[in-house]
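Here is the file entry_18.tsv (TSV, C-alpha atoms).
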chain	number	residue	atom	x	y	z
A	1	MET	CA	0.36	12.58	16.58
A	2	LYS	CA	0.67	13.91	20.15
A	3	VAL	CA	0.49	11.36	22.95
A	4	ALA	CA	-2.59	13.00	24.48
A	5	ASP	CA	-4.36	12.92	21.11
A	6	PHE	CA	-3.40	9.32	20.57
A	7	GLU	CA	-4.91	8.46	23.97
A	8	LEU	CA	-8.13	10.28	23.05
A	9	TYR	CA	-8.57	8.26	19.86
A	10	LYS	CA	-7.45	5.07	21.55
A	11	SER	CA	-10.14	5.23	24.24
A	12	LEU	CA	-12.81	6.45	21.79
A	13	LEU	CA	-12.16	3.53	19.44
A	14	TYR	CA	-12.07	1.03	22.28
A	15	ASP	CA	-15.36	2.26	23.77
A	16	LYS	CA	-17.23	2.41	20.49
A	17	SER	CA	-15.90	-0.62	18.64
A	18	GLY	CA	-13.62	-2.62	20.90
A	19	LEU	CA	-10.77	-1.86	18.50
A	20	VAL	CA	-7.38	-1.86	20.20
A	21	ILE	CA	-4.88	0.66	18.82
A	22	THR	CA	-1.29	0.31	19.99
A	23	PRO	CA	1.24	3.18	19.79
A	24	ASP	CA	3.08	1.48	16.89
A	25	LYS	CA	-0.14	1.86	14.86
A	26	SER	CA	-0.50	5.58	15.51
A	27	TYR	CA	0.56	6.27	11.90
A	28	LEU	CA	-2.72	4.61	10.90
A	29	LEU	CA	-4.63	7.27	12.79
A	30	ASP	CA	-2.89	10.00	10.82
A	31	SER	CA	-3.31	8.36	7.44
A	32	ARG	CA	-6.93	7.26	7.85
A	33	LEU	CA	-8.28	10.23	9.80
A	34	THR	CA	-6.82	13.03	7.68
A	35	PRO	CA	-9.41	12.30	4.91
A	36	ILE	CA	-12.16	12.37	7.59
A	37	ALA	CA	-10.97	15.80	8.78
A	38	LYS	CA	-11.12	16.98	5.17
A	39	LYS	CA	-14.62	15.55	4.72
A	40	TRP	CA	-15.79	17.45	7.82
A	41	ASN	CA	-14.13	20.65	6.59
A	42	TYR	CA	-11.51	20.92	9.31
A	43	PRO	CA	-8.34	22.61	8.02
A	44	THR	CA	-6.18	20.05	9.87
A	45	LEU	CA	-6.50	16.80	11.77
A	46	ASP	CA	-5.48	18.69	14.94
A	47	MET	CA	-8.50	20.99	14.54
A	48	MET	CA	-10.77	17.96	14.29
A	49	THR	CA	-9.17	16.50	17.41
A	50	LEU	CA	-9.81	19.75	19.29
A	51	GLN	CA	-13.46	19.68	18.32
A	52	LEU	CA	-13.73	16.04	19.28
A	53	ARG	CA	-12.32	16.81	22.70
A	54	ALA	CA	-14.78	19.66	23.27
A	55	ILE	CA	-18.14	18.45	21.91
A	56	PRO	CA	-17.93	15.11	20.07
A	57	ASP	CA	-20.49	14.96	17.28
A	58	PRO	CA	-21.84	11.37	17.27
A	59	LYS	CA	-21.80	11.34	13.45
A	60	LEU	CA	-18.15	12.36	13.40
A	61	VAL	CA	-17.36	9.67	15.98
A	62	LYS	CA	-19.10	7.12	13.74
A	63	ASP	CA	-17.06	8.23	10.71
A	64	ILE	CA	-13.86	7.91	12.73
A	65	VAL	CA	-14.69	4.39	13.92
A	66	GLU	CA	-15.60	3.29	10.39
A	67	ALA	CA	-12.40	4.76	8.96
A	68	MET	CA	-10.29	2.85	11.46
A	69	THR	CA	-11.79	-0.59	10.88
A	70	THR	CA	-10.01	-2.86	8.42
A	71	ASN	CA	-12.01	-4.09	5.47
A	72	GLU	CA	-9.54	-6.52	3.94
A	73	THR	CA	-11.35	-9.55	2.51
A	74	SER	CA	-11.68	-11.68	-0.62
A	75	PHE	CA	-13.91	-14.28	-2.20
A	76	PHE	CA	-13.35	-17.75	-0.67
A	77	ARG	CA	-10.74	-16.18	1.60
A	78	ASP	CA	-8.35	-18.87	2.90
A	79	THR	CA	-10.20	-21.60	0.88
A	80	LYS	CA	-10.24	-24.05	3.80
A	81	PRO	CA	-13.30	-22.69	5.68
A	82	PHE	CA	-15.35	-23.05	2.50
A	83	THR	CA	-14.17	-26.61	2.02
A	84	LEU	CA	-15.17	-27.30	5.63
A	85	PHE	CA	-18.53	-25.68	4.95
A	86	GLN	CA	-19.16	-27.97	1.98
A	87	GLU	CA	-17.63	-31.18	3.23
A	88	THR	CA	-18.24	-31.16	6.99
A	89	ILE	CA	-20.86	-28.60	7.97
A	90	LEU	CA	-23.42	-28.99	5.16
A	91	PRO	CA	-23.61	-32.80	5.37
A	92	HIS	CA	-24.12	-32.49	9.14
A	93	MET	CA	-26.89	-29.93	8.67
A	94	ILE	CA	-28.62	-32.00	6.00
A	95	GLN	CA	-28.66	-34.95	8.35
A	96	THR	CA	-29.67	-33.18	11.56
A	97	ARG	CA	-32.13	-30.65	10.10
A	98	ALA	CA	-33.89	-33.09	7.78
A	99	ASN	CA	-37.25	-32.35	9.37
A	100	LYS	CA	-37.37	-28.59	9.33
A	101	LYS	CA	-35.06	-28.13	6.33
A	102	SER	CA	-33.90	-24.73	7.45
A	103	VAL	CA	-30.47	-23.39	8.35
A	104	ARG	CA	-29.47	-19.94	9.58
A	105	ILE	CA	-25.98	-18.63	8.90
A	106	TRP	CA	-24.40	-15.49	10.32
A	107	CYS	CA	-21.42	-13.78	8.74
A	108	ALA	CA	-20.27	-11.44	11.48
A	109	ALA	CA	-18.07	-8.58	10.26
A	110	CYS	CA	-18.72	-9.33	6.59
A	111	SER	CA	-16.96	-6.22	5.25
A	112	SER	CA	-17.62	-5.75	1.51
A	113	GLY	CA	-19.62	-8.98	1.29
A	114	GLN	CA	-17.28	-11.51	-0.31
A	115	GLU	CA	-17.72	-14.09	2.47
A	116	PRO	CA	-21.55	-14.27	2.49
A	117	TYR	CA	-21.62	-14.15	-1.32
A	118	SER	CA	-19.12	-17.03	-1.50
A	119	LEU	CA	-21.45	-19.09	0.72
A	120	ALA	CA	-24.45	-18.10	-1.39
A	121	MET	CA	-22.68	-19.26	-4.58
A	122	ILE	CA	-21.83	-22.61	-2.99
A	123	LEU	CA	-25.46	-23.09	-1.93
A	124	LYS	CA	-26.77	-21.98	-5.33
A	125	ASP	CA	-24.65	-24.61	-7.03
A	126	LYS	CA	-26.16	-27.26	-4.78
A	127	GLU	CA	-29.68	-26.07	-5.48
A	128	ALA	CA	-30.86	-29.38	-6.94
A	129	GLN	CA	-29.52	-31.32	-3.98
A	130	LEU	CA	-30.96	-28.82	-1.49
A	131	LYS	CA	-34.43	-28.61	-3.01
A	132	GLY	CA	-37.00	-27.61	-0.37
A	133	TRP	CA	-34.33	-26.29	2.01
A	134	ARG	CA	-34.23	-22.75	3.28
A	135	PHE	CA	-30.85	-21.16	3.93
A	136	GLU	CA	-30.90	-17.76	5.53
A	137	ILE	CA	-27.62	-15.85	5.40
A	138	VAL	CA	-27.41	-12.83	7.68
A	139	ALA	CA	-24.37	-10.63	7.04
A	140	THR	CA	-23.46	-7.83	9.41
A	141	ASP	CA	-20.77	-5.22	9.78
A	142	LEU	CA	-20.13	-2.23	11.96
A	143	SER	CA	-19.62	0.07	8.99
A	144	GLU	CA	-22.65	1.36	7.11
A	145	GLU	CA	-20.44	2.54	4.29
A	146	ILE	CA	-18.91	-0.88	3.64
A	147	LEU	CA	-22.33	-2.56	3.95
A	148	ALA	CA	-23.76	-0.23	1.30
A	149	GLN	CA	-20.92	-1.40	-0.95
A	150	ALA	CA	-21.58	-5.06	-0.02
A	151	LYS	CA	-25.29	-4.75	-0.88
A	152	LYS	CA	-24.45	-3.45	-4.35
A	153	GLY	CA	-22.47	-6.59	-5.08
A	154	ILE	CA	-20.22	-4.83	-7.59
A	155	TYR	CA	-16.54	-5.72	-7.64
A	156	SER	CA	-13.44	-4.60	-9.49
A	157	GLN	CA	-11.52	-6.82	-11.89
A	158	PHE	CA	-8.87	-7.16	-9.20
A	159	GLU	CA	-11.38	-8.25	-6.54
A	160	VAL	CA	-13.01	-10.93	-8.70
A	161	GLN	CA	-9.62	-12.50	-9.35
A	162	ARG	CA	-8.60	-12.95	-5.74
A	163	GLY	CA	-9.97	-16.32	-4.65
A	164	LEU	CA	-12.91	-16.52	-7.04
A	165	PRO	CA	-12.77	-19.52	-9.40
A	166	ILE	CA	-13.44	-18.55	-13.02
A	167	GLN	CA	-16.44	-20.89	-13.19
A	168	TYR	CA	-18.14	-18.88	-10.45
A	169	LEU	CA	-17.39	-15.63	-12.26
A	170	MET	CA	-18.92	-17.01	-15.46
A	171	LYS	CA	-21.98	-18.38	-13.73
A	172	HIS	CA	-22.87	-15.73	-11.17
A	173	PHE	CA	-21.59	-12.37	-12.46
A	174	THR	CA	-22.37	-9.99	-15.29
A	175	GLN	CA	-19.79	-7.63	-16.65
A	176	VAL	CA	-20.67	-3.95	-16.28
A	177	GLY	CA	-18.01	-1.82	-17.97
A	178	GLU	CA	-14.78	-2.41	-16.06
A	179	THR	CA	-16.58	-3.98	-13.09
A	180	TRP	CA	-18.36	-7.24	-12.33
A	181	ALA	CA	-21.82	-7.36	-10.77
A	182	LEU	CA	-23.27	-10.32	-8.89
A	183	LYS	CA	-26.56	-11.55	-10.30
A	184	ASP	CA	-29.76	-10.81	-8.41
A	185	ASP	CA	-30.47	-14.44	-7.50
A	186	ILE	CA	-27.24	-14.51	-5.47
A	187	LYS	CA	-27.74	-11.03	-4.00
A	188	SER	CA	-31.25	-11.87	-2.85
A	189	MET	CA	-29.89	-14.72	-0.70
A	190	ILE	CA	-28.23	-12.34	1.79
A	191	LYS	CA	-29.75	-10.08	4.44
A	192	PHE	CA	-27.33	-7.28	5.25
A	193	SER	CA	-27.58	-5.19	8.39
A	194	THR	CA	-25.34	-3.07	10.59
A	195	PHE	CA	-24.31	-4.62	13.85
A	196	ASN	CA	-21.67	-3.82	16.45
A	197	LEU	CA	-20.17	-6.98	17.97
A	198	LEU	CA	-19.96	-5.22	21.34
A	199	GLU	CA	-23.77	-5.05	21.49
A	200	ASP	CA	-26.27	-7.49	22.92
A	201	MET	CA	-26.75	-10.20	20.29
A	202	SER	CA	-30.12	-11.57	21.34
A	203	ARG	CA	-31.99	-9.59	18.67
A	204	MET	CA	-30.07	-11.50	16.01
A	205	GLY	CA	-31.93	-14.75	16.87
A	206	THR	CA	-30.20	-18.12	16.88
A	207	PHE	CA	-27.91	-19.48	14.21
A	208	ASP	CA	-26.71	-22.89	13.13
A	209	ILE	CA	-23.43	-21.60	11.74
A	210	ILE	CA	-21.47	-18.48	12.65
A	211	PHE	CA	-18.58	-17.20	10.54
A	212	CYS	CA	-16.59	-14.75	12.66
A	213	ARG	CA	-13.29	-14.60	10.82
A	214	ASN	CA	-10.42	-12.16	11.01
A	215	VAL	CA	-12.15	-9.71	13.31
A	216	LEU	CA	-11.29	-10.96	16.82
A	217	ILE	CA	-7.62	-10.24	16.11
A	218	TYR	CA	-8.36	-6.53	16.48
A	219	PHE	CA	-9.74	-6.89	20.02
A	220	ASP	CA	-8.17	-7.43	23.43
A	221	GLU	CA	-8.73	-10.69	25.32
A	222	LYS	CA	-11.57	-9.37	27.46
A	223	THR	CA	-13.50	-8.14	24.42
A	224	LYS	CA	-12.82	-11.38	22.52
A	225	GLY	CA	-14.11	-13.40	25.49
A	226	GLY	CA	-17.26	-11.28	25.73
A	227	ILE	CA	-18.03	-11.62	22.01
A	228	LEU	CA	-17.51	-15.39	22.04
A	229	ALA	CA	-19.67	-15.78	25.16
A	230	ARG	CA	-22.49	-13.83	23.52
A	231	MET	CA	-22.12	-15.79	20.29
A	232	ASP	CA	-22.34	-19.00	22.27
A	233	LYS	CA	-25.84	-17.95	23.31
A	234	GLN	CA	-26.89	-17.35	19.70
A	235	LEU	CA	-25.57	-20.68	18.40
A	236	THR	CA	-27.63	-23.88	18.39
A	237	SER	CA	-26.30	-26.65	20.60
A	238	ASP	CA	-24.86	-28.58	17.64
A	239	GLY	CA	-23.93	-25.49	15.65
A	240	PHE	CA	-20.55	-24.50	14.23
A	241	LEU	CA	-18.34	-21.48	14.77
A	242	LEU	CA	-15.61	-20.57	12.27
A	243	LEU	CA	-12.74	-18.31	13.23
A	244	GLY	CA	-9.88	-16.89	11.15
A	245	GLY	CA	-6.53	-18.59	10.72
A	246	ALA	CA	-4.80	-16.39	13.31
A	247	GLU	CA	-7.62	-16.68	15.85
A	248	THR	CA	-8.41	-19.18	18.57
A	249	VAL	CA	-10.66	-19.78	21.58
A	250	LEU	CA	-7.83	-21.30	23.60
A	251	GLY	CA	-7.11	-19.25	26.68
A	252	ILE	CA	-10.01	-16.91	25.87
A	253	THR	CA	-13.18	-18.86	26.51
A	254	ASP	CA	-14.22	-22.38	27.51
A	255	LYS	CA	-17.54	-22.06	25.64
A	256	PHE	CA	-16.07	-23.54	22.47
A	257	VAL	CA	-13.59	-26.27	21.62
A	258	PRO	CA	-11.67	-26.71	18.36
A	259	MET	CA	-12.69	-29.67	16.19
A	260	PRO	CA	-9.73	-32.01	15.80
A	261	ASP	CA	-8.11	-31.88	12.34
A	262	LYS	CA	-10.52	-29.16	11.17
A	263	ARG	CA	-8.54	-25.97	11.49
A	264	GLY	CA	-10.63	-22.90	12.28
A	265	LEU	CA	-13.77	-24.92	13.07
A	266	TYR	CA	-15.21	-24.88	16.59
A	267	ILE	CA	-18.14	-26.50	18.35
A	268	LYS	CA	-19.72	-25.86	21.72
A	269	ASN	CA	-17.82	-27.33	24.63
A	270	PRO	CA	-19.50	-30.71	25.24
A	271	ALA	CA	-18.54	-30.50	28.93
A	272	LEU	CA	-20.78	-27.45	29.29
A	273	GLN	CA	-23.78	-28.90	27.48
A	274	PRO	CA	-26.90	-30.21	29.21
A	275	SER	CA	-27.83	-33.71	28.02
A	276	ALA	CA	-28.47	-33.37	24.30
A	277	PRO	CA	-31.13	-30.69	23.79
A	278	PRO	CA	-32.98	-31.01	20.47
A	279	PRO	CA	-31.33	-28.88	17.79
A	280	THR	CA	-33.38	-25.87	16.82
A	281	SER	CA	-32.84	-22.49	15.32
A	282	SER	CA	-36.29	-21.08	15.95
A	283	GLY	CA	-34.98	-18.52	18.41
A	284	GLY	CA	-36.83	-20.19	21.24
A	285	PHE	CA	-33.77	-21.08	23.31
A	286	THR	CA	-33.66	-19.85	26.85
A	287	SER	CA	-30.34	-18.92	28.34
A	288	GLY	CA	-31.02	-21.53	31.05
A	289	LEU	CA	-30.07	-24.24	28.57
A	290	PHE	CA	-26.58	-22.89	28.45
A	291	LYS	CA	-25.90	-22.67	32.14
A	292	ARG	CA	-23.11	-24.79	33.46
A	293	THR	CA	-24.24	-28.21	34.56
B	1	MET	CA	9.73	-29.99	-9.14
B	2	SER	CA	6.80	-28.99	-11.34
B	3	VAL	CA	7.50	-27.27	-14.63
B	4	CYS	CA	5.51	-24.23	-15.74
B	5	LEU	CA	5.75	-22.97	-19.31
B	6	VAL	CA	5.17	-19.23	-19.70
B	7	VAL	CA	3.88	-18.33	-23.15
B	8	ASP	CA	3.90	-14.60	-23.84
B	9	ASP	CA	5.39	-12.42	-26.57
B	10	SER	CA	6.39	-9.76	-24.04
B	11	ARG	CA	9.80	-10.32	-22.51
B	12	VAL	CA	8.81	-8.13	-19.54
B	13	VAL	CA	5.71	-10.19	-18.78
B	14	ARG	CA	7.70	-13.43	-19.06
B	15	LYS	CA	10.27	-12.04	-16.64
B	16	VAL	CA	7.66	-10.94	-14.08
B	17	ALA	CA	5.80	-14.25	-14.38
B	18	ARG	CA	9.05	-16.21	-14.00
B	19	ARG	CA	9.90	-14.37	-10.78
B	20	ILE	CA	6.43	-15.14	-9.32
B	21	LEU	CA	6.38	-18.77	-10.48
B	22	GLU	CA	9.88	-19.50	-9.18
B	23	GLU	CA	8.80	-18.03	-5.84
B	24	LEU	CA	5.91	-20.49	-5.89
B	25	GLY	CA	8.34	-23.34	-6.42
B	26	PHE	CA	8.10	-23.96	-10.16
B	27	VAL	CA	10.84	-24.56	-12.68
B	28	CYS	CA	10.08	-21.97	-15.33
B	29	GLU	CA	10.39	-22.38	-19.12
B	30	GLU	CA	9.53	-19.71	-21.68
B	31	ALA	CA	8.03	-19.54	-25.17
B	32	GLU	CA	7.44	-16.42	-27.26
B	33	ASP	CA	4.40	-17.58	-29.16
B	34	GLY	CA	1.96	-20.46	-29.58
B	35	GLN	CA	4.04	-22.21	-32.21
B	36	LEU	CA	7.15	-22.34	-30.00
B	37	ALA	CA	5.01	-23.46	-27.09
B	38	TYR	CA	3.58	-26.25	-29.24
B	39	GLU	CA	7.08	-27.38	-30.22
B	40	PHE	CA	8.14	-27.33	-26.57
B	41	CYS	CA	5.15	-29.44	-25.53
B	42	SER	CA	5.80	-32.00	-28.30
B	43	LYS	CA	9.11	-32.78	-26.63
B	44	ASN	CA	8.37	-32.15	-22.95
B	45	MET	CA	4.85	-31.87	-21.63
B	46	PRO	CA	4.93	-29.31	-18.76
B	47	ASP	CA	2.77	-29.52	-15.61
B	48	ALA	CA	1.36	-26.04	-16.02
B	49	ILE	CA	1.08	-23.42	-18.77
B	50	LEU	CA	0.56	-19.69	-18.26
B	51	LEU	CA	-0.79	-18.55	-21.60
B	52	ASP	CA	-1.20	-15.16	-23.28
B	53	TRP	CA	-3.95	-14.74	-25.89
B	54	ASN	CA	-2.63	-12.32	-28.52
B	55	MET	CA	0.74	-13.36	-29.94
B	56	PRO	CA	2.33	-13.38	-33.40
B	57	VAL	CA	2.65	-16.64	-35.41
B	58	MET	CA	0.16	-18.61	-33.28
B	59	SER	CA	-2.30	-17.19	-30.75
B	60	GLY	CA	-2.89	-18.63	-27.31
B	61	ILE	CA	-6.32	-20.00	-28.16
B	62	GLU	CA	-5.05	-21.75	-31.31
B	63	PHE	CA	-2.22	-23.26	-29.27
B	64	LEU	CA	-4.66	-24.45	-26.57
B	65	GLU	CA	-6.91	-26.16	-29.13
B	66	LYS	CA	-3.91	-27.94	-30.66
B	67	LEU	CA	-2.50	-28.84	-27.25
B	68	ARG	CA	-5.70	-30.47	-26.05
B	69	SER	CA	-5.74	-32.77	-29.09
B	70	MET	CA	-2.11	-33.87	-28.60
B	71	PRO	CA	-1.33	-37.22	-26.96
B	72	SER	CA	-1.15	-36.43	-23.20
B	73	GLY	CA	-2.15	-32.86	-24.10
B	74	GLN	CA	-4.94	-33.08	-21.52
B	75	SER	CA	-2.51	-33.32	-18.64
B	76	PRO	CA	-1.12	-29.79	-18.22
B	77	LYS	CA	-3.20	-27.28	-16.29
B	78	VAL	CA	-3.62	-24.22	-18.51
B	79	VAL	CA	-4.16	-20.75	-17.09
B	80	PHE	CA	-4.87	-17.96	-19.55
B	81	CYS	CA	-3.23	-14.67	-18.66
B	82	THR	CA	-4.35	-11.93	-21.00
B	83	THR	CA	-5.60	-8.36	-21.37
B	84	GLU	CA	-8.76	-9.77	-22.99
B	85	ASN	CA	-11.19	-9.22	-20.14
B	86	ASP	CA	-14.68	-9.82	-21.50
B	87	MET	CA	-17.03	-12.70	-20.85
B	88	ALA	CA	-16.96	-13.89	-24.49
B	89	HIS	CA	-13.20	-14.46	-24.37
B	90	ILE	CA	-13.42	-16.14	-20.96
B	91	GLN	CA	-16.13	-18.51	-22.17
B	92	ARG	CA	-14.22	-19.34	-25.33
B	93	ALA	CA	-11.06	-20.11	-23.34
B	94	ILE	CA	-12.82	-22.36	-20.83
B	95	THR	CA	-14.70	-24.17	-23.62
B	96	ALA	CA	-11.38	-24.81	-25.40
B	97	GLY	CA	-10.06	-26.47	-22.25
B	98	ALA	CA	-8.43	-23.75	-20.13
B	99	ASN	CA	-8.54	-24.50	-16.40
B	100	GLU	CA	-8.41	-20.91	-15.18
B	101	TYR	CA	-8.33	-17.39	-16.54
B	102	ILE	CA	-6.40	-14.33	-15.37
B	103	MET	CA	-7.17	-10.85	-16.62
B	104	LYS	CA	-4.06	-8.68	-16.81
B	105	PRO	CA	-2.68	-6.88	-14.91
B	106	PHE	CA	-1.82	-9.64	-12.47
B	107	ASP	CA	0.21	-9.90	-9.29
B	108	THR	CA	1.62	-12.67	-7.09
B	109	GLU	CA	-1.61	-12.86	-5.10
B	110	ILE	CA	-3.75	-13.51	-8.19
B	111	ILE	CA	-1.44	-16.14	-9.70
B	112	LYS	CA	-1.12	-17.84	-6.33
B	113	SER	CA	-4.86	-17.94	-5.68
B	114	LYS	CA	-5.64	-19.26	-9.17
B	115	PHE	CA	-2.92	-21.93	-8.93
B	116	ILE	CA	-4.27	-23.04	-5.54
B	117	GLN	CA	-7.80	-23.32	-6.93
B	118	ILE	CA	-6.79	-25.72	-9.66
B	119	GLY	CA	-4.56	-27.74	-7.36
B	120	LEU	CA	-1.20	-26.77	-8.85
B	121	ILE	CA	0.04	-25.65	-5.46
B	122	GLU	CA	-1.05	-26.26	-1.88
B	123	ASP	CA	-2.63	-23.54	0.21

Could you spell out this file's structure in structure tokens?
Amino acid sequence: MKVADFELYKSLLYDKSGLVITPDKSYLLDSRLTPIAKKWNYPTLDMMTLQLRAIPDPKLVKDIVEAMTTNETSFFRDTKPFTLFQETILPHMIQTRANKKSVRIWCAACSSGQEPYSLAMILKDKEAQLKGWRFEIVATDLSEEILAQAKKGIYSQFEVQRGLPIQYLMKHFTQVGETWALKDDIKSMIKFSTFNLLEDMSRMGTFDIIFCRNVLIYFDEKTKGGILARMDKQLTSDGFLLLGGAETVLGITDKFVPMPDKRGLYIKNPALQPSAPPPTSSGGFTSGLFKRT
Amino acid sequence: MSVCLVVDDSRVVRKVARRILEELGFVCEEAEDGQLAYEFCSKNMPDAILLDWNMPVMSGIEFLEKLRSMPSGQSPKVVFCTTENDMAHIQRAITAGANEYIMKPFDTEIIKSKFIQIGLIED
């Protein structure tokens, strides 16, 4: 790809999705955008680039952004965050939310849905223990295409074997030909919607737990900092943030601090908190509560 | 070092499995069918068993049932690894005492993730 063309795609992707493409990844542009050019009936990728330079069709731009995002995921990916969810986060929630018995969880950048569905299966298995509790799982992604796939809850034999314990497969899936479909009681636990992490997050409401794993790695520091600062506003004062194994808040934001000995788990920086506000997830927080004291 | 017994009548599958298991830090032993696996276990109980279903002489499920009634036959973690990919087979295997179930074809990633889940290796 020509340098000028690379620069065009680079700034388009950065503006629309925050995605940072470095010159060593320019081969990815060729391999992922050639099918888009074909879909839009351009004889070559160069012809599509020409068109994009002249009058960019917003739908084409959307297709390009979606094609360039990475959708790699698996059930119970990395294991550890799900152990933390069961052994650290849930007990804390059960204790601190005993009165209202309601917890809101956000899976940001959920891709094909394995992360929210893994959480739903954990919660389903604790149904007896969590009787009377309401867990709302909101799962978002930038890509409409991948969300449509997530909503279907249908996975290949290969996908159900990466990270998914056989007991979960037996309990929560039905076999449909060569594929495996999640049962409706699990599917109905998730609310899927499209969301761009660069946008204002206030419409999402507040959450008690935010999973934002393996997505910040694609952004530059400024974008990472902005996302984490906005997430801070959507998280209850005693809420939890989970990042991916290769991600950190250190050197990016002072809004969160890592929990000692709990890799990937973050809480709000106690130094920035006003004296113990009551935990709530009703969406009634004012930003004033989060100002530096 | 933990010992993993690979039970499969295909030499190719045993070879592929051995390469993956040795990478994961296991000492690998092989058996061509359930009967040979049973004889192996009578002498030396392994830590893990990767088990095919359809084999001559003695099938994987027959072997598993016999294994689980042997003295100390409860100790090895058994992972089925078979082309049988329907729910009925999976349920039968788990009921007979299998700890995990892999539907062929498999790769390093699948074996690794299943072995982590049942605590045979660390994450």

ask   = What residues in chain B have any atom no more than 12 Å from chain A when counting all atoms listed in the file, and can you write them as a PyMOL selection string?
value = chain B and resi 79-81+83-95+98-119+122-123

Write the residues of the selection above to a file with C-alpha atoms, as an mmCIF file, keeping the file's coordinate frame.
data_model
loop_
_atom_site.group_PDB
_atom_site.id
_atom_site.type_symbol
_atom_site.label_atom_id
_atom_site.label_comp_id
_atom_site.auth_asym_id
_atom_site.auth_seq_id
_atom_site.Cartn_x
_atom_site.Cartn_y
_atom_site.Cartn_z
ATOM 1 C CA VAL B 79 -4.160 -20.750 -17.090
ATOM 2 C CA PHE B 80 -4.870 -17.960 -19.550
ATOM 3 C CA CYS B 81 -3.230 -14.670 -18.660
ATOM 4 C CA THR B 83 -5.600 -8.360 -21.370
ATOM 5 C CA GLU B 84 -8.760 -9.770 -22.990
ATOM 6 C CA ASN B 85 -11.190 -9.220 -20.140
ATOM 7 C CA ASP B 86 -14.680 -9.820 -21.500
ATOM 8 C CA MET B 87 -17.030 -12.700 -20.850
ATOM 9 C CA ALA B 88 -16.960 -13.890 -24.490
ATOM 10 C CA HIS B 89 -13.200 -14.460 -24.370
ATOM 11 C CA ILE B 90 -13.420 -16.140 -20.960
ATOM 12 C CA GLN B 91 -16.130 -18.510 -22.170
ATOM 13 C CA ARG B 92 -14.220 -19.340 -25.330
ATOM 14 C CA ALA B 93 -11.060 -20.110 -23.340
ATOM 15 C CA ILE B 94 -12.820 -22.360 -20.830
ATOM 16 C CA THR B 95 -14.700 -24.170 -23.620
ATOM 17 C CA ALA B 98 -8.430 -23.750 -20.130
ATOM 18 C CA ASN B 99 -8.540 -24.500 -16.400
ATOM 19 C CA GLU B 100 -8.410 -20.910 -15.180
ATOM 20 C CA TYR B 101 -8.330 -17.390 -16.540
ATOM 21 C CA ILE B 102 -6.400 -14.330 -15.370
ATOM 22 C CA MET B 103 -7.170 -10.850 -16.620
ATOM 23 C CA LYS B 104 -4.060 -8.680 -16.810
ATOM 24 C CA PRO B 105 -2.680 -6.880 -14.910
ATOM 25 C CA PHE B 106 -1.820 -9.640 -12.470
ATOM 26 C CA ASP B 107 0.210 -9.900 -9.290
ATOM 27 C CA THR B 108 1.620 -12.670 -7.090
ATOM 28 C CA GLU B 109 -1.610 -12.860 -5.100
ATOM 29 C CA ILE B 110 -3.750 -13.510 -8.190
ATOM 30 C CA ILE B 111 -1.440 -16.140 -9.700
ATOM 31 C CA LYS B 112 -1.120 -17.840 -6.330
ATOM 32 C CA SER B 113 -4.860 -17.940 -5.680
ATOM 33 C CA LYS B 114 -5.640 -19.260 -9.170
ATOM 34 C CA PHE B 115 -2.920 -21.930 -8.930
ATOM 35 C CA ILE B 116 -4.270 -23.040 -5.540
ATOM 36 C CA GLN B 117 -7.800 -23.320 -6.930
ATOM 37 C CA ILE B 118 -6.790 -25.720 -9.660
ATOM 38 C CA GLY B 119 -4.560 -27.740 -7.360
ATOM 39 C CA GLU B 122 -1.050 -26.260 -1.880
ATOM 40 C CA ASP B 123 -2.630 -23.540 0.210
#

message = Which residues are near Met259 of chain A? Cut-off 10 Å, only C-alpha atoms, ignore same chain within fewer than 6 positions. Put them as a ChimeraX atom specification.
response = /A:240,265-268

For Glu115 of chain A: contacts at 10 Å, all atoms listed in the file, fewer than 3 positions along chain excluded, given as an mmCIF file with C-alpha atoms, in the frame of the given file:
data_model
loop_
_atom_site.group_PDB
_atom_site.id
_atom_site.type_symbol
_atom_site.label_atom_id
_atom_site.label_comp_id
_atom_site.auth_asym_id
_atom_site.auth_seq_id
_atom_site.Cartn_x
_atom_site.Cartn_y
_atom_site.Cartn_z
ATOM 1 C CA THR A 73 -11.350 -9.550 2.510
ATOM 2 C CA SER A 74 -11.680 -11.680 -0.620
ATOM 3 C CA PHE A 75 -13.910 -14.280 -2.200
ATOM 4 C CA PHE A 76 -13.350 -17.750 -0.670
ATOM 5 C CA ARG A 77 -10.740 -16.180 1.600
ATOM 6 C CA PHE A 82 -15.350 -23.050 2.500
ATOM 7 C CA CYS A 107 -21.420 -13.780 8.740
ATOM 8 C CA ALA A 108 -20.270 -11.440 11.480
ATOM 9 C CA ALA A 109 -18.070 -8.580 10.260
ATOM 10 C CA CYS A 110 -18.720 -9.330 6.590
ATOM 11 C CA SER A 111 -16.960 -6.220 5.250
ATOM 12 C CA SER A 112 -17.620 -5.750 1.510
ATOM 13 C CA SER A 118 -19.120 -17.030 -1.500
ATOM 14 C CA LEU A 119 -21.450 -19.090 0.720
ATOM 15 C CA ALA A 120 -24.450 -18.100 -1.390
ATOM 16 C CA ALA A 139 -24.370 -10.630 7.040
ATOM 17 C CA PHE A 211 -18.580 -17.200 10.540
ATOM 18 C CA ARG A 213 -13.290 -14.600 10.820
#

Atomic distance atom CA of Ile105 of chain A - atom CA of Glu66 of chain A, expressed in Å with one decimal =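 Calculated distance between atom CA of Ile105 of chain A and atom CA of Glu66 of chain A is 24.3 Å.
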
task = Using atom CA of Ser72 of chain B and atom CA of Lys43 of chain B as the two end points, give the distance in Å to one decimal.
result =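 Answer for the atom CA of Ser72 of chain B to atom CA of Lys43 of chain B separation: 11.4 Å.
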